[in-house]
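J.: The structure that follows is given in the form of structure tokens.
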Amino acid sequence: MSAPEKKQDTIAAGLLWPLLSGVLGLALWEGLVRAFKVPLFILPAPSQVIVTIVDQWAYLLSQLAITVFAAGLGLVIAVVFGLAAGAAITASRLVDRMLTPWLVIAHAVPKVVIAPLFLVWFGFGLQSEMFFVVAFTFFPVIVNTVTGLKSADPEQILMVRAMGATPAQILRTIQFPSALPSICAGIKLAVTLAPVGAVIGEFVASNKGLGHLLIRAVGDMDTSLAFAAVTVFSIFGVLLWRLAEWGERRVLPWHPSQREAFLLRGAST
């Protein structure tokens with residue numbers, strides 16, 4: 001079997017089994033709902049959810065766009081400040097001792113508990129949603145940044161320091177490149193948490209977005225619309241994860257975690 005044929009078989013197998021699993025799961029769901037005549041307001045059949053998505057596609061997309069905007073803003077803030085805080089903690093033992101306990105305490109507090117406080121502090125609307133996203137995504141970025149920066153080869157650091165390199169030069173040329181796999185892992189985790197934070201923020205502090213739509217649909221006993229919102233949100237989450245994986249492959253083509261994809265691309269050329 002040639003390399004292109006092998007690549008096509010690998011891609012087909014990777015798509016076939018998840019697709020088959022999804023079809024079987026939906027068919028089982030549809031059959032059970034219809035066999036037991038489950039009321040619509042308790043559990044709609046997949047076909048009813050699809051009809052709702054098609055009928056209200058424009059409305060669902062408009063609410064998704066609001067959630068994506070809040071998640072994107074919060075994620076950018078969390079990544080920027082997470083990288084900066086991680087670099088500061090790594091560079092200074094004093095900053096590490098002073099800042100780390102506060103970060104642990106902030107992460108240990110359940111986000112739902114402080115939801116009313118966010119509403120008081122930042123008001124009703126986009127600001128609260130954005131800070132909810134920051135609260136959900138900041139910790140994974142900073143922890144993975146610190147872990148990656150501290151995992152740099154100490155012998156290399158000692159060598160370039162003996163050659164007169166400044167701390168900024170050591171960070172840029174030694175620590176940051178070696179920390180990239182860990183940083184990318186933290187950002188991938190943050191990317192998946194950002195929409196969750198935005199939706200939870202919309203539960204309590206917004207009258208727009210998928211989170212508010214979900215709360216309103218449940219309150220109206222419109223379970224089909226609620227499932228439609230969850231489905232759209234889930235599809236968006238999967239696409240977002242795939243986008244994060246694509247970005248990681250572009251940033252880390254040399255890393256062992258990307259070796260299989262690299263070999264497949266090389267075999268196809």
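Order determines the names: the first chain of the structure tokens is A, the second B, and so forth; residues in each chain are numbered 1 upward, and ligands are numbered 1 upward as they are shown.
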What's the 12 Å shell around Gly31 in chain A, counting only C-alpha atoms, without same-chain residues fewer than 5 positions away, as a PyMOL selection string?

T.: chain A and resi 24-26+36-38+44-47

J.: How about saving the chosen residues, N, CA, C and O atoms kept, as a PDB file, in the first residue's frame?

T.:
```pdb
ATOM      1  N   LEU A  24     -25.308   5.546  15.720  1.00  0.00           N
ATOM      2  CA  LEU A  24     -25.922   4.517  16.564  1.00  0.00           C
ATOM      3  C   LEU A  24     -26.506   5.118  17.840  1.00  0.00           C
ATOM      4  O   LEU A  24     -27.605   4.745  18.270  1.00  0.00           O
ATOM      5  N   GLY A  25     -25.785   6.070  18.439  1.00  0.00           N
ATOM      6  CA  GLY A  25     -26.283   6.712  19.646  1.00  0.00           C
ATOM      7  C   GLY A  25     -27.557   7.497  19.396  1.00  0.00           C
ATOM      8  O   GLY A  25     -28.524   7.404  20.178  1.00  0.00           O
ATOM      9  N   LEU A  26     -27.594   8.246  18.298  1.00  0.00           N
ATOM     10  CA  LEU A  26     -28.800   9.012  17.967  1.00  0.00           C
ATOM     11  C   LEU A  26     -29.967   8.095  17.619  1.00  0.00           C
ATOM     12  O   LEU A  26     -31.121   8.375  17.984  1.00  0.00           O
ATOM     13  N   PHE A  36     -41.107   4.457  24.167  1.00  0.00           N
ATOM     14  CA  PHE A  36     -41.696   4.710  25.488  1.00  0.00           C
ATOM     15  C   PHE A  36     -42.591   5.946  25.507  1.00  0.00           C
ATOM     16  O   PHE A  36     -43.109   6.312  26.572  1.00  0.00           O
ATOM     17  N   LYS A  37     -42.744   6.584  24.326  1.00  0.00           N
ATOM     18  CA  LYS A  37     -43.615   7.756  24.193  1.00  0.00           C
ATOM     19  C   LYS A  37     -43.317   8.810  25.262  1.00  0.00           C
ATOM     20  O   LYS A  37     -44.189   9.288  25.989  1.00  0.00           O
ATOM     21  N   VAL A  38     -42.037   9.162  25.337  1.00  0.00           N
ATOM     22  CA  VAL A  38     -41.587  10.164  26.306  1.00  0.00           C
ATOM     23  C   VAL A  38     -42.148  11.525  25.900  1.00  0.00           C
ATOM     24  O   VAL A  38     -42.044  11.927  24.736  1.00  0.00           O
ATOM     25  N   PRO A  44     -36.957  15.481  24.124  1.00  0.00           N
ATOM     26  CA  PRO A  44     -37.307  15.434  22.706  1.00  0.00           C
ATOM     27  C   PRO A  44     -36.450  14.416  21.960  1.00  0.00           C
ATOM     28  O   PRO A  44     -35.319  14.122  22.352  1.00  0.00           O
ATOM     29  N   ALA A  45     -36.985  13.897  20.881  1.00  0.00           N
ATOM     30  CA  ALA A  45     -36.223  12.999  20.018  1.00  0.00           C
ATOM     31  C   ALA A  45     -35.212  13.807  19.202  1.00  0.00           C
ATOM     32  O   ALA A  45     -35.393  15.011  18.978  1.00  0.00           O
ATOM     33  N   PRO A  46     -34.121  13.175  18.765  1.00  0.00           N
ATOM     34  CA  PRO A  46     -33.143  13.892  17.950  1.00  0.00           C
ATOM     35  C   PRO A  46     -33.752  14.543  16.712  1.00  0.00           C
ATOM     36  O   PRO A  46     -33.338  15.644  16.320  1.00  0.00           O
ATOM     37  N   SER A  47     -34.733  13.877  16.088  1.00  0.00           N
ATOM     38  CA  SER A  47     -35.359  14.460  14.902  1.00  0.00           C
ATOM     39  C   SER A  47     -36.072  15.769  15.242  1.00  0.00           C
ATOM     40  O   SER A  47     -36.050  16.727  14.447  1.00  0.00           O
TER      41      SER A  47
END
```

J.: For range 62-75 of chain A, find every residue with an atom within 6 Å (counting only C-alpha atoms), except residues of its own chain fewer than 3 positions away, and show them as a VMD selection string.

T.: chain A and resid 59 78 130 133 to 134 194 to 195 198 209 to 210

J.: Based on DSSP run over this structure's backbone, return all residues of range 2-118 of chain A in helix (DSSP H, G or I), as a PyMOL selection string.

T.: chain A and resi 3-35+46-55+57-91+93-108+115-118

J.: Could you write out that same residue set with C-alpha atoms as a compact mmCIF listing (two decimals), in the first residue's frame?

T.:
```txt
# COMPACT_ATOMS: atom_id res chain seq x y z
CA ALA A 3 1.86 6.27 1.45
CA PRO A 4 -1.07 8.35 0.08
CA GLU A 5 -3.36 5.31 0.26
CA LYS A 6 -2.24 4.62 3.81
CA LYS A 7 -2.93 8.24 4.76
CA GLN A 8 -6.41 8.10 3.21
CA ASP A 9 -7.18 4.86 5.08
CA THR A 10 -6.04 6.43 8.35
CA ILE A 11 -8.22 9.50 7.84
CA ALA A 12 -11.19 7.38 6.79
CA ALA A 13 -10.83 5.16 9.87
CA GLY A 14 -10.55 8.23 12.10
CA LEU A 15 -13.80 9.62 10.68
CA LEU A 16 -15.73 6.37 10.26
CA TRP A 17 -15.78 5.12 13.85
CA PRO A 18 -16.81 8.40 15.52
CA LEU A 19 -19.48 8.90 12.83
CA LEU A 20 -20.77 5.35 13.28
CA SER A 21 -20.85 5.76 17.06
CA GLY A 22 -22.77 9.02 16.73
CA VAL A 23 -25.33 7.55 14.33
CA LEU A 24 -25.92 4.52 16.56
CA GLY A 25 -26.28 6.71 19.65
CA LEU A 26 -28.80 9.01 17.97
CA ALA A 27 -30.75 6.06 16.56
CA LEU A 28 -30.94 4.48 20.02
CA TRP A 29 -32.08 7.78 21.52
CA GLU A 30 -34.74 8.22 18.83
CA GLY A 31 -35.99 4.66 19.23
CA LEU A 32 -36.24 4.81 23.02
CA VAL A 33 -38.10 8.14 22.99
CA ARG A 34 -40.63 6.88 20.46
CA ALA A 35 -40.98 3.40 21.98
CA PRO A 46 -33.14 13.89 17.95
CA SER A 47 -35.36 14.46 14.90
CA GLN A 48 -37.34 17.08 16.84
CA VAL A 49 -34.13 18.80 17.94
CA ILE A 50 -32.92 18.90 14.33
CA VAL A 51 -36.22 20.44 13.23
CA THR A 52 -35.85 23.12 15.90
CA ILE A 53 -32.28 23.87 14.82
CA VAL A 54 -33.34 24.22 11.18
CA ASP A 55 -36.35 26.40 12.04
CA TRP A 57 -30.99 28.52 12.84
CA ALA A 58 -30.54 32.29 12.43
CA TYR A 59 -31.62 32.98 16.02
CA LEU A 60 -29.31 30.29 17.41
CA LEU A 61 -26.36 31.61 15.41
CA SER A 62 -26.99 35.17 16.59
CA GLN A 63 -26.95 34.02 20.23
CA LEU A 64 -23.87 31.87 19.59
CA ALA A 65 -22.06 34.90 18.17
CA ILE A 66 -22.65 36.80 21.42
CA THR A 67 -21.27 33.90 23.46
CA VAL A 68 -18.25 33.54 21.15
CA PHE A 69 -17.47 37.25 21.41
CA ALA A 70 -17.47 37.20 25.23
CA ALA A 71 -15.47 33.96 25.30
CA GLY A 72 -12.91 35.34 22.85
CA LEU A 73 -12.32 38.58 24.76
CA GLY A 74 -11.99 36.79 28.09
CA LEU A 75 -9.66 34.17 26.63
CA VAL A 76 -7.32 36.78 25.16
CA ILE A 77 -7.14 38.59 28.50
CA ALA A 78 -6.51 35.34 30.37
CA VAL A 79 -3.75 34.22 27.99
CA VAL A 80 -1.95 37.59 28.04
CA PHE A 81 -2.04 37.97 31.81
CA GLY A 82 -1.43 34.26 32.38
CA LEU A 83 1.76 34.32 30.32
CA ALA A 84 2.93 37.53 32.02
CA ALA A 85 2.17 36.23 35.52
CA GLY A 86 3.80 32.89 34.75
CA ALA A 87 6.97 34.63 33.56
CA ALA A 88 7.01 36.83 36.67
CA ILE A 89 6.55 33.87 39.01
CA THR A 90 9.34 31.97 37.28
CA ALA A 91 11.73 34.92 37.30
CA ARG A 93 11.02 33.73 43.99
CA LEU A 94 9.50 36.64 45.92
CA VAL A 95 6.71 37.03 43.33
CA ASP A 96 6.18 33.27 43.43
CA ARG A 97 5.75 33.24 47.21
CA MET A 98 3.47 36.27 47.22
CA LEU A 99 1.29 35.55 44.20
CA THR A 100 0.89 31.76 44.12
CA PRO A 101 -1.17 31.44 47.34
CA TRP A 102 -3.66 34.02 46.04
CA LEU A 103 -3.94 32.20 42.73
CA VAL A 104 -4.60 28.89 44.48
CA ILE A 105 -7.24 30.48 46.71
CA ALA A 106 -8.92 32.15 43.73
CA HIS A 107 -8.97 28.87 41.82
CA ALA A 108 -10.30 26.92 44.81
CA ALA A 115 -21.36 34.80 40.45
CA PRO A 116 -23.48 37.31 42.42
CA LEU A 117 -20.33 39.22 43.36
CA PHE A 118 -19.27 39.47 39.71
```

J.: Quick one: distance from CA of Ser92 in chain A to CA of Lys150 in chain A in Å, one decimal?

T.: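 Here the two named atoms are 11.7 Å from each other.
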